[in-house]
file entry-v7.txt (compact mmCIF, C-alpha atoms)
# COMPACT_ATOMS: atom_id res chain seq x y z
CA MET A 1 122.96 167.66 86.81
CA ASP A 2 122.74 164.27 85.12
CA LYS A 3 123.74 164.73 81.47
CA LEU A 4 122.01 161.51 80.44
CA LYS A 5 118.76 162.72 82.01
CA ALA A 6 119.17 166.08 80.32
CA MET A 7 119.62 164.35 76.96
CA GLU A 8 116.47 162.31 77.61
CA VAL A 9 114.52 165.49 78.45
CA PHE A 10 115.82 167.14 75.28
CA ALA A 11 114.90 164.21 73.00
CA THR A 12 111.48 163.80 74.65
CA THR A 13 110.76 167.53 74.37
CA ILE A 14 111.29 167.40 70.62
CA GLN A 15 109.23 164.22 70.38
CA CYS A 16 106.30 165.73 72.34
CA GLY A 17 106.62 169.20 70.84
CA SER A 18 106.66 170.93 74.23
CA ILE A 19 108.48 171.03 77.53
CA SER A 20 105.26 170.41 79.43
CA GLY A 21 104.55 167.32 77.32
CA ALA A 22 108.03 165.97 77.97
CA ALA A 23 107.72 166.69 81.69
CA LYS A 24 104.43 164.80 81.85
CA GLN A 25 105.82 161.79 79.98
CA LEU A 26 108.96 161.67 82.13
CA GLN A 27 107.02 162.38 85.32
CA LEU A 28 109.00 165.52 86.10
CA PRO A 29 107.92 169.02 87.19
CA VAL A 30 107.90 171.39 84.20
CA SER A 31 110.38 173.64 86.01
CA SER A 32 112.77 170.71 86.45
CA ALA A 33 112.53 169.75 82.77
CA SER A 34 113.21 173.35 81.77
CA ARG A 35 116.27 173.51 84.04
CA HIS A 36 117.65 170.31 82.49
CA LEU A 37 117.37 171.87 79.02
CA SER A 38 119.00 175.12 80.05
CA TRP A 39 121.82 173.29 81.84
CA LEU A 40 122.42 171.07 78.77
CA GLU A 41 122.73 174.06 76.43
CA GLU A 42 124.97 175.84 78.89
CA THR A 43 127.20 172.80 79.28
CA LEU A 44 127.46 172.31 75.52
CA GLY A 45 127.95 176.03 74.95
CA SER A 46 125.42 176.02 72.13
CA GLU A 47 121.74 176.79 71.57
CA LEU A 48 119.92 173.58 70.65
CA MET A 49 116.43 174.93 70.05
CA LYS A 50 114.47 178.14 69.77
CA ARG A 51 111.46 178.27 72.05
CA SER A 52 108.30 180.28 71.63
CA THR A 53 104.87 180.17 73.16
CA ARG A 54 103.60 178.29 70.13
CA ALA A 55 106.37 175.87 69.16
CA ILE A 56 109.88 174.61 69.68
CA LYS A 57 112.19 174.65 66.70
CA LEU A 58 115.57 172.98 66.52
CA THR A 59 118.66 174.91 65.53
CA GLU A 60 120.98 173.38 62.96
CA VAL A 61 123.34 172.08 65.62
CA GLY A 62 120.30 170.98 67.63
CA GLN A 63 119.19 168.74 64.78
CA ALA A 64 122.61 167.09 64.59
CA TYR A 65 122.77 166.69 68.37
CA LEU A 66 119.25 165.22 68.51
CA ALA A 67 120.19 162.44 66.08
CA GLN A 68 123.16 161.48 68.25
CA CYS A 69 121.09 161.70 71.43
CA GLN A 70 118.42 159.42 70.03
CA ARG A 71 121.03 156.92 68.95
CA ALA A 72 122.74 156.96 72.34
CA LEU A 73 119.48 156.67 74.25
CA GLU A 74 118.38 153.75 72.08
CA GLN A 75 121.64 151.92 72.73
CA ILE A 76 121.21 152.47 76.46
CA ARG A 77 117.64 151.20 76.28
CA GLN A 78 118.80 148.07 74.44
CA ALA A 79 121.55 147.53 76.99
CA GLU A 80 119.04 147.79 79.84
CA GLU A 81 116.70 145.36 78.07
CA LEU A 82 119.61 142.95 77.66
CA VAL A 83 120.30 143.06 81.39
CA GLN A 84 116.64 142.53 82.21
CA THR A 85 116.45 139.63 79.76
CA TYR A 86 119.59 138.09 81.23
CA GLN A 87 118.10 138.33 84.71
CA HIS A 88 114.80 136.71 83.77
CA THR A 89 115.48 134.53 80.70
CA PRO A 90 118.05 131.73 80.48
CA SER A 91 120.66 133.13 78.11
CA GLY A 92 124.38 133.73 77.65
CA ILE A 93 127.36 131.39 77.73
CA LEU A 94 127.01 128.36 80.02
CA LYS A 95 130.34 126.79 80.97
CA ILE A 96 130.12 123.10 81.88
CA SER A 97 132.87 120.77 83.03
CA CYS A 98 132.15 117.04 82.98
CA MET A 99 134.01 113.75 83.41
CA SER A 100 134.82 112.37 79.97
CA HIS A 101 133.20 108.91 80.12
CA TYR A 102 130.15 110.19 81.99
CA PHE A 103 129.72 112.99 79.43
CA GLU A 104 129.79 110.62 76.47
CA SER A 105 127.48 107.98 77.87
CA GLN A 106 125.10 109.94 80.11
CA MET A 107 125.10 113.67 79.38
CA LEU A 108 125.61 113.86 75.62
CA PRO A 109 122.28 112.19 74.74
CA HIS A 110 120.39 115.05 76.49
CA LEU A 111 122.22 118.06 75.03
CA SER A 112 120.03 118.35 71.94
CA GLU A 113 116.89 118.63 74.09
CA PHE A 114 118.55 121.21 76.34
CA GLU A 115 119.59 123.30 73.33
CA SER A 116 116.03 123.16 71.97
CA LEU A 117 114.52 124.25 75.30
CA TYR A 118 117.02 127.09 75.80
CA PRO A 119 118.06 128.45 72.39
CA ASP A 120 119.52 131.62 73.95
CA ILE A 121 122.09 129.63 75.95
CA ARG A 122 125.40 128.94 74.25
CA LEU A 123 127.28 125.93 75.61
CA ASP A 124 130.99 125.91 76.42
CA ILE A 125 131.80 122.35 77.54
CA ASP A 126 135.11 121.12 78.93
CA VAL A 127 135.21 117.31 78.85
CA SER A 128 137.93 116.37 81.30
CA ASP A 129 138.58 114.32 84.42
CA LYS A 130 140.71 117.10 85.87
CA VAL A 131 139.23 118.56 89.06
CA ASN A 132 139.09 122.31 88.50
CA ASP A 133 138.41 125.10 90.94
CA LEU A 134 135.00 126.38 89.83
CA SER A 135 135.89 129.99 90.57
CA GLN A 136 139.29 130.03 88.87
CA ALA A 137 138.08 128.15 85.81
CA GLU A 138 134.88 130.26 85.62
CA ILE A 139 132.81 127.08 85.43
CA ASP A 140 129.05 127.40 85.94
CA ILE A 141 128.32 123.73 86.67
CA ALA A 142 130.56 120.68 86.98
CA ILE A 143 129.82 116.96 87.11
CA ARG A 144 132.33 115.02 89.16
CA GLY A 145 132.80 111.96 91.30
CA GLY A 146 133.19 113.23 94.88
CA TYR A 147 133.05 116.74 96.25
CA MET A 148 134.98 119.92 95.78
CA PRO A 149 136.53 121.47 98.90
CA ASP A 150 134.64 124.75 98.97
CA GLU A 151 131.88 125.56 101.44
CA ARG A 152 130.09 127.72 98.86
CA ILE A 153 129.58 124.77 96.51
CA HIS A 154 126.34 122.82 96.45
CA ALA A 155 126.48 119.17 95.37
CA ARG A 156 123.43 117.44 93.93
CA TRP A 157 123.68 113.65 94.00
CA LEU A 158 123.06 112.16 90.55
CA CYS A 159 123.95 108.49 90.84
CA ASP A 160 126.04 105.86 92.56
CA ASN A 161 129.63 105.72 91.30
CA THR A 162 130.76 102.62 93.18
CA PRO A 163 132.54 100.36 90.65
CA HIS A 164 131.76 96.67 90.18
CA LEU A 165 133.72 93.97 88.44
CA CYS A 166 132.46 93.31 84.93
CA ALA A 167 133.52 91.35 81.88
CA SER A 168 132.03 90.37 78.55
CA ARG A 169 130.68 86.88 77.90
CA GLN A 170 133.36 86.55 75.22
CA TYR A 171 136.08 87.21 77.81
CA LEU A 172 134.60 84.77 80.33
CA ASP A 173 134.34 82.05 77.67
CA MET A 174 138.02 82.54 76.92
CA PHE A 175 139.52 83.13 80.38
CA GLY A 176 136.92 81.68 82.73
CA MET A 177 134.92 83.12 85.61
CA PRO A 178 137.04 84.04 88.68
CA ALA A 179 135.79 82.39 91.86
CA SER A 180 137.66 84.65 94.30
CA HIS A 181 139.70 87.83 94.38
CA GLU A 182 142.89 85.75 94.57
CA GLU A 183 142.18 84.44 91.06
CA LEU A 184 142.26 87.97 89.62
CA HIS A 185 146.06 87.57 89.33
CA GLN A 186 145.36 85.19 86.47
CA HIS A 187 143.21 87.67 84.52
CA GLN A 188 143.71 90.61 82.19
CA LEU A 189 142.64 93.74 84.02
CA ALA A 190 142.05 97.33 82.92
CA PHE A 191 142.99 100.00 85.46
CA TYR A 192 141.65 103.53 85.33
CA ARG A 193 144.01 106.47 85.67
CA GLY A 194 142.43 109.24 87.77
CA PRO A 195 143.41 112.93 87.71
CA SER A 196 146.21 112.37 90.24
CA GLN A 197 146.94 108.64 90.32
CA ILE A 198 146.18 105.18 88.98
CA LEU A 199 143.16 103.75 90.78
CA ARG A 200 144.53 100.54 92.28
CA TRP A 201 142.29 97.61 93.09
CA GLY A 202 141.92 96.29 96.61
CA ILE A 203 139.65 94.48 99.04
CA VAL A 204 138.05 95.52 102.31
CA ARG A 205 139.16 93.46 105.28
CA GLN A 206 137.92 94.23 108.81
CA GLY A 207 136.74 97.65 107.61
CA GLN A 208 140.10 98.56 106.11
CA TRP A 209 140.91 98.86 102.41
CA MET A 210 143.94 96.79 101.41
CA ALA A 211 145.59 97.03 98.00
CA MET A 212 146.00 93.87 95.93
CA ASN A 213 149.29 93.39 94.13
CA LEU A 214 147.80 93.12 90.66
CA THR A 215 149.52 93.83 87.34
CA PRO A 216 147.16 95.56 84.89
CA TYR A 217 146.87 94.58 81.26
CA VAL A 218 146.28 98.25 80.40
CA VAL A 219 146.12 101.59 82.23
CA THR A 220 144.11 104.46 80.74
CA ASN A 221 141.99 107.48 81.66
CA SER A 222 139.57 106.72 78.83
CA GLY A 223 136.40 104.98 79.98
CA ARG A 224 135.45 104.57 76.34
CA TYR A 225 138.66 102.68 75.60
CA ILE A 226 138.13 100.41 78.60
CA ARG A 227 134.63 99.60 77.35
CA GLU A 228 135.95 98.82 73.85
CA LEU A 229 138.54 96.45 75.30
CA MET A 230 135.88 94.78 77.43
CA MET A 231 133.48 94.38 74.52
CA ALA A 232 136.34 92.88 72.45
CA GLY A 233 136.83 90.24 75.15
CA LYS A 234 140.32 91.42 76.11
CA VAL A 235 139.92 92.65 79.72
CA MET A 236 137.72 92.78 82.78
CA ALA A 237 137.36 96.05 84.68
CA LEU A 238 135.86 97.80 87.67
CA LEU A 239 133.17 100.14 86.37
CA PRO A 240 130.13 101.81 87.95
CA ASP A 241 126.64 100.63 87.04
CA TRP A 242 125.85 103.78 85.02
CA ALA A 243 128.73 102.92 82.66
CA THR A 244 127.67 99.31 82.06
CA GLN A 245 123.88 99.27 82.47
CA GLU A 246 122.99 99.20 78.77
CA ASP A 247 125.56 96.51 77.94
CA ARG A 248 124.44 94.38 80.90
CA ASP A 249 120.79 94.81 79.92
CA ASN A 250 121.45 93.44 76.45
CA GLY A 251 123.55 90.61 77.85
CA GLU A 252 126.91 91.63 76.43
CA LEU A 253 128.48 92.38 79.82
CA VAL A 254 128.20 90.41 83.05
CA LYS A 255 128.59 91.72 86.58
CA ILE A 256 130.85 89.39 88.55
CA ASP A 257 130.04 88.88 92.24
CA LEU A 258 132.96 87.58 94.28
CA PRO A 259 132.77 86.48 97.95
CA GLN A 260 135.19 89.32 98.74
CA PRO A 261 134.79 91.77 95.87
CA ALA A 262 137.52 93.95 94.44
CA CYS A 263 136.96 97.63 95.09
CA LEU A 264 138.66 101.04 94.97
CA SER A 265 137.60 102.39 98.36
CA THR A 266 135.70 101.62 101.55
CA GLU A 267 133.37 104.55 100.85
CA LYS A 268 130.16 104.64 98.86
CA LEU A 269 131.09 106.79 95.88
CA GLY A 270 128.75 109.05 93.92
CA ILE A 271 128.49 111.34 90.90
CA HIS A 272 127.49 114.91 91.81
CA LEU A 273 126.43 118.02 89.94
CA LEU A 274 128.31 120.95 91.48
CA TYR A 275 127.57 124.68 91.40
CA TYR A 276 127.95 127.75 93.57
CA LYS A 277 124.87 128.11 95.76
CA PRO A 278 124.45 131.90 95.26
CA ARG A 279 124.64 131.53 91.46
CA TYR A 280 121.61 129.24 91.33
CA GLN A 281 119.50 132.40 90.95
CA VAL A 282 121.10 133.13 87.56
CA PRO A 283 118.52 131.87 85.03
CA LYS A 284 120.96 129.97 82.78
CA ILE A 285 122.48 128.16 85.77
CA ARG A 286 119.13 127.40 87.38
CA ALA A 287 117.86 126.03 84.04
CA ALA A 288 120.93 123.82 83.59
CA VAL A 289 120.98 122.53 87.18
CA ASP A 290 117.27 121.65 87.14
CA PHE A 291 117.36 120.12 83.66
CA PHE A 292 120.41 117.92 84.12
CA THR A 293 119.42 116.89 87.63
CA LYS A 294 116.07 115.68 86.29
CA LYS A 295 117.65 113.87 83.34
CA LEU A 296 120.64 112.34 85.10
CA LEU A 297 119.32 111.50 88.56
CA THR A 298 118.91 107.72 88.80
CA GLN A 299 115.36 106.79 89.70
CA GLU A 300 116.33 104.39 92.48
CA LEU A 301 118.19 107.25 94.19
CA ILE A 302 115.47 109.84 93.75
CA THR A 303 115.19 110.27 97.51
CA GLN A 304 118.93 110.78 98.02
CA PRO A 305 119.37 114.16 99.78
CA ASP A 306 121.31 117.06 98.32
CA HIS A 307 124.60 117.95 99.96
CA GLY A 308 125.32 121.61 100.69
CA LEU A 309 129.03 122.10 101.02

call {"tool": "encode", "arguments": {"input": "entry-v7.txt", "output": "structure tokens"}}
result
Amino acid sequence: MDKLKAMEVFATTIQCGSISGAAKQLQLPVSSASRHLSWLEETLGSELMKRSTRAIKLTEVGQAYLAQCQRALEQIRQAEELVQTYQHTPSGILKISCMSHYFESQMLPHLSEFESLYPDIRLDIDVSDKVNDLSQAEIDIAIRGGYMPDERIHARWLCDNTPHLCASRQYLDMFGMPASHEELHQHQLAFYRGPSQILRWGIVRQGQWMAMNLTPYVVTNSGRYIRELMMAGKVMALLPDWATQEDRDNGELVKIDLPQPACLSTEKLGIHLLYYKPRYQVPKIRAAVDFFTKKLLTQELITQPDHGL
């Protein structure tokens, strides 16, 4: 027999004051409830209660055993409630991995609202440009430029990540506006260091990307540092619109359009929110995916389709 069930029958019998009452509450035949009690006493090798036609009275050891049973059953009930809550209410630890510059400028401003909406979710955020395997790193959602090579991963498009040449008005006053990509050799350029290599600048000629032999003023993997250098009038850089929009809106940065623009690739690049498709049903992950997609998806790309990988 099931010892846990027998313990439940025992505790319920004492609570109801009769075996028939316990059987009714537990939706068991009276004969089945009685067998559970007999089997429990036989297994324990001790009499737990004295039964009569009028009442049930606990023995001394039965009283001690009842207290432990009630405690154990309550812990099991709480554990089951925890599982049910986890399955229906966003809760638990949510592990997020996000590109450093994107996190600081785009994601960070929304975290306070997310925490207020989902107080039972605890955030564990890795701010890094390193491309991790979601399964090995136990990451729930990741925000990256490009895809991850795993067919189980779903990628939600958030925004365009194609970089454009920008500089501050202070820089242009000092060094002048380049009229062509050839003139970039005369300028102070900031190159971004990706997870595996420095992102060299090039141009597209007859559909092919060709590297330009440019010497950078600085190389860094910090988007924040590049922005600080730009705002100080020291460099120009290739940055995506999401990283420069606010500064361009207030007139501090200028997007530079060249006849043959400098670029990093022939492809249209994007920022994506990544997660395992089957795990979308987990409340904390569904809440995070839906929330951050709504907050981070650029309005002009609202019709961009999702990519199931």

call {"tool": "atom_distance", "arguments": {"input": "entry-v7.txt", "atom1": "atom CA of A:Tyr225", "atom2": "atom CA of A:Lys268"}}
result
24.8 Å

call {"tool": "closest_residue", "arguments": {"input": "entry-v7.txt", "among": "A:Ser91, A:Thr266, A:Gln281, A:Ser46", "to": "A:Thr162", "atoms": "all atoms listed in the file"}}
result
A:Thr266

call {"tool": "residues_around", "arguments": {"input": "entry-v7.txt", "residues": "A:Ala6", "least_positions_apart": "4", "cutoff": "12 Å", "atoms": "all atoms listed in the file", "output": "PyMOL selection string"}}
result
chain A and resi 1-2+10-13+22-23+26+28+32-44+66+69+73

call {"tool": "closest_residue", "arguments": {"input": "entry-v7.txt", "among": "A:Val204, A:Leu111, A:Ile226, A:Leu214", "to": "A:Glu267", "atoms": "only C-alpha atoms"}}
result
A:Val204

call {"tool": "atom_distance", "arguments": {"input": "entry-v7.txt", "atom1": "atom CA of A:Trp157", "atom2": "atom CA of A:Thr293"}}
result
8.3 Å

call {"tool": "residues_around", "arguments": {"input": "entry-v7.txt", "residues": "A:Leu238", "least_positions_apart": "4", "cutoff": "9 Å", "atoms": "all atoms listed in the file", "output": "list in words"}}
result
Thr162, Pro163, His164, Leu165, Cys166, Ala167, Leu189, Ala190, Phe191, Tyr192, Trp201, Ala262, Cys263 and Leu264 of chain A

call {"tool": "atom_distance", "arguments": {"input": "entry-v7.txt", "atom1": "atom CA of A:Gln260", "atom2": "atom CA of A:Thr244"}}
result
20.8 Å

call {"tool": "residues_around", "arguments": {"input": "entry-v7.txt", "residues": "A:Met49", "least_positions_apart": "4", "cutoff": "7 Å", "atoms": "all atoms listed in the file", "output": "ChimeraX atom specification"}}
result
/A:56-59,62

call {"tool": "closest_residue", "arguments": {"input": "entry-v7.txt", "among": "A:Ile256, A:Ile143, A:Ile125, A:Ile76", "to": "A:His181", "atoms": "all atoms listed in the file"}}
result
A:Ile256

call {"tool": "residues_around", "arguments": {"input": "entry-v7.txt", "residues": "A:Gly233", "least_positions_apart": "4", "cutoff": "12 Å", "atoms": "all atoms listed in the file", "output": "list in words"}}
result
Cys166, Ala167, Ser168, Arg169, Gln170, Tyr171, Leu172, Asp173, Met174, Phe175, Gly176, His187, Gln188, Leu189, Ala190, Ile226, Arg227, Glu228, Leu229, Ala237, Glu252, Leu253 and Val254 of chain A

call {"tool": "closest_residue", "arguments": {"input": "entry-v7.txt", "among": "A:Leu258, A:Met231, A:Ile121, A:Leu48", "to": "A:Ser180", "atoms": "all atoms listed in the file"}}
result
A:Leu258

call {"tool": "closest_residue", "arguments": {"input": "entry-v7.txt", "among": "A:Pro259, A:Leu297, A:His154, A:Met7", "to": "A:Pro278", "atoms": "only C-alpha atoms"}}
result
A:His154

call {"tool": "residues_near_point", "arguments": {"input": "entry-v7.txt", "point": "(142.9, 97.5, 97.6)", "cutoff": "7 Å", "atoms": "all atoms listed in the file", "output": "compact mmCIF listing (two decimals) with C-alpha atoms, in the frame of the given file"}}
result
# COMPACT_ATOMS: atom_id res chain seq x y z
CA ARG A 200 144.53 100.54 92.28
CA TRP A 201 142.29 97.61 93.09
CA GLY A 202 141.92 96.29 96.61
CA ILE A 203 139.65 94.48 99.04
CA TRP A 209 140.91 98.86 102.41
CA MET A 210 143.94 96.79 101.41
CA ALA A 211 145.59 97.03 98.00
CA MET A 212 146.00 93.87 95.93
CA CYS A 263 136.96 97.63 95.09
CA LEU A 264 138.66 101.04 94.97

call {"tool": "closest_residue", "arguments": {"input": "entry-v7.txt", "among": "A:Ala243, A:Ala288, A:Ile14, A:Ile93", "to": "A:Cys159", "atoms": "only C-alpha atoms"}}
result
A:Ala243

call {"tool": "decode", "arguments": {"input": "entry-v7.txt", "residues": "stretch 82-161 of chain A", "atoms": "C-alpha atoms", "output": "short mmCIF file (atom, residue, chain, number, x, y, z; two decimals), in the first residue's frame"}}
result
data_model
loop_
_atom_site.label_atom_id
_atom_site.label_comp_id
_atom_site.auth_asym_id
_atom_site.auth_seq_id
_atom_site.Cartn_x
_atom_site.Cartn_y
_atom_site.Cartn_z
CA LEU A 82 4.39 25.71 -4.98
CA VAL A 83 4.44 23.58 -8.12
CA GLN A 84 0.94 24.69 -9.08
CA THR A 85 1.86 28.32 -8.49
CA TYR A 86 5.01 27.92 -10.57
CA GLN A 87 2.99 26.45 -13.41
CA HIS A 88 0.38 29.21 -13.42
CA THR A 89 2.05 32.31 -11.93
CA PRO A 90 5.24 33.96 -13.22
CA SER A 91 7.77 33.21 -10.48
CA GLY A 92 11.24 31.85 -9.80
CA ILE A 93 14.66 32.85 -11.10
CA LEU A 94 14.72 34.29 -14.63
CA LYS A 95 18.14 34.13 -16.27
CA ILE A 96 18.70 36.76 -18.97
CA SER A 97 21.73 37.29 -21.18
CA CYS A 98 21.98 40.58 -23.06
CA MET A 99 24.51 42.50 -25.15
CA SER A 100 26.17 45.10 -22.93
CA HIS A 101 25.45 48.33 -24.85
CA TYR A 102 21.93 47.25 -25.76
CA PHE A 103 21.22 46.36 -22.12
CA GLU A 104 22.34 49.74 -20.82
CA SER A 105 20.57 51.89 -23.37
CA GLN A 106 17.46 49.87 -24.26
CA MET A 107 16.65 47.19 -21.70
CA LEU A 108 17.68 48.74 -18.38
CA PRO A 109 15.05 51.52 -18.48
CA HIS A 110 12.26 48.88 -18.48
CA LEU A 111 13.49 46.60 -15.68
CA SER A 112 11.81 48.53 -12.88
CA GLU A 113 8.40 48.16 -14.55
CA PHE A 114 8.99 44.45 -15.15
CA GLU A 115 9.94 43.93 -11.49
CA SER A 116 6.79 45.76 -10.38
CA LEU A 117 4.55 43.67 -12.65
CA TYR A 118 6.15 40.37 -11.62
CA PRO A 119 7.35 40.63 -8.00
CA ASP A 120 7.71 36.84 -7.70
CA ILE A 121 10.34 36.72 -10.46
CA ARG A 122 13.95 37.15 -9.38
CA LEU A 123 16.28 38.39 -12.12
CA ASP A 124 19.70 36.90 -12.84
CA ILE A 125 21.18 39.03 -15.65
CA ASP A 126 24.43 38.37 -17.50
CA VAL A 127 25.48 41.49 -19.41
CA SER A 128 27.93 40.25 -22.01
CA ASP A 129 28.57 40.20 -25.75
CA LYS A 130 29.68 36.58 -25.56
CA VAL A 131 27.41 34.24 -27.51
CA ASN A 132 26.43 31.49 -25.09
CA ASP A 133 24.69 28.20 -25.72
CA LEU A 134 21.30 28.71 -24.08
CA SER A 135 21.13 25.13 -22.85
CA GLN A 136 24.64 24.93 -21.40
CA ALA A 137 24.43 28.34 -19.75
CA GLU A 138 20.88 27.65 -18.47
CA ILE A 139 19.72 30.96 -19.95
CA ASP A 140 15.97 31.56 -20.20
CA ILE A 141 16.07 34.41 -22.72
CA ALA A 142 18.93 36.09 -24.58
CA ILE A 143 19.12 39.28 -26.62
CA ARG A 144 21.68 39.11 -29.40
CA GLY A 145 22.54 40.42 -32.82
CA GLY A 146 22.04 37.50 -35.22
CA TYR A 147 20.81 33.98 -34.57
CA MET A 148 21.95 31.05 -32.52
CA PRO A 149 22.55 27.78 -34.40
CA ASP A 150 19.92 25.63 -32.74
CA GLU A 151 16.69 24.56 -34.42
CA ARG A 152 14.85 24.59 -31.08
CA ILE A 153 15.47 28.32 -30.60
CA HIS A 154 12.86 30.89 -31.54
CA ALA A 155 14.07 34.37 -32.51
CA ARG A 156 11.82 37.40 -32.16
CA TRP A 157 12.98 40.39 -34.19
CA LEU A 158 13.31 43.50 -32.01
CA CYS A 159 15.02 46.09 -34.18
CA ASP A 160 17.41 46.78 -37.02
CA ASN A 161 21.07 46.45 -36.04
#
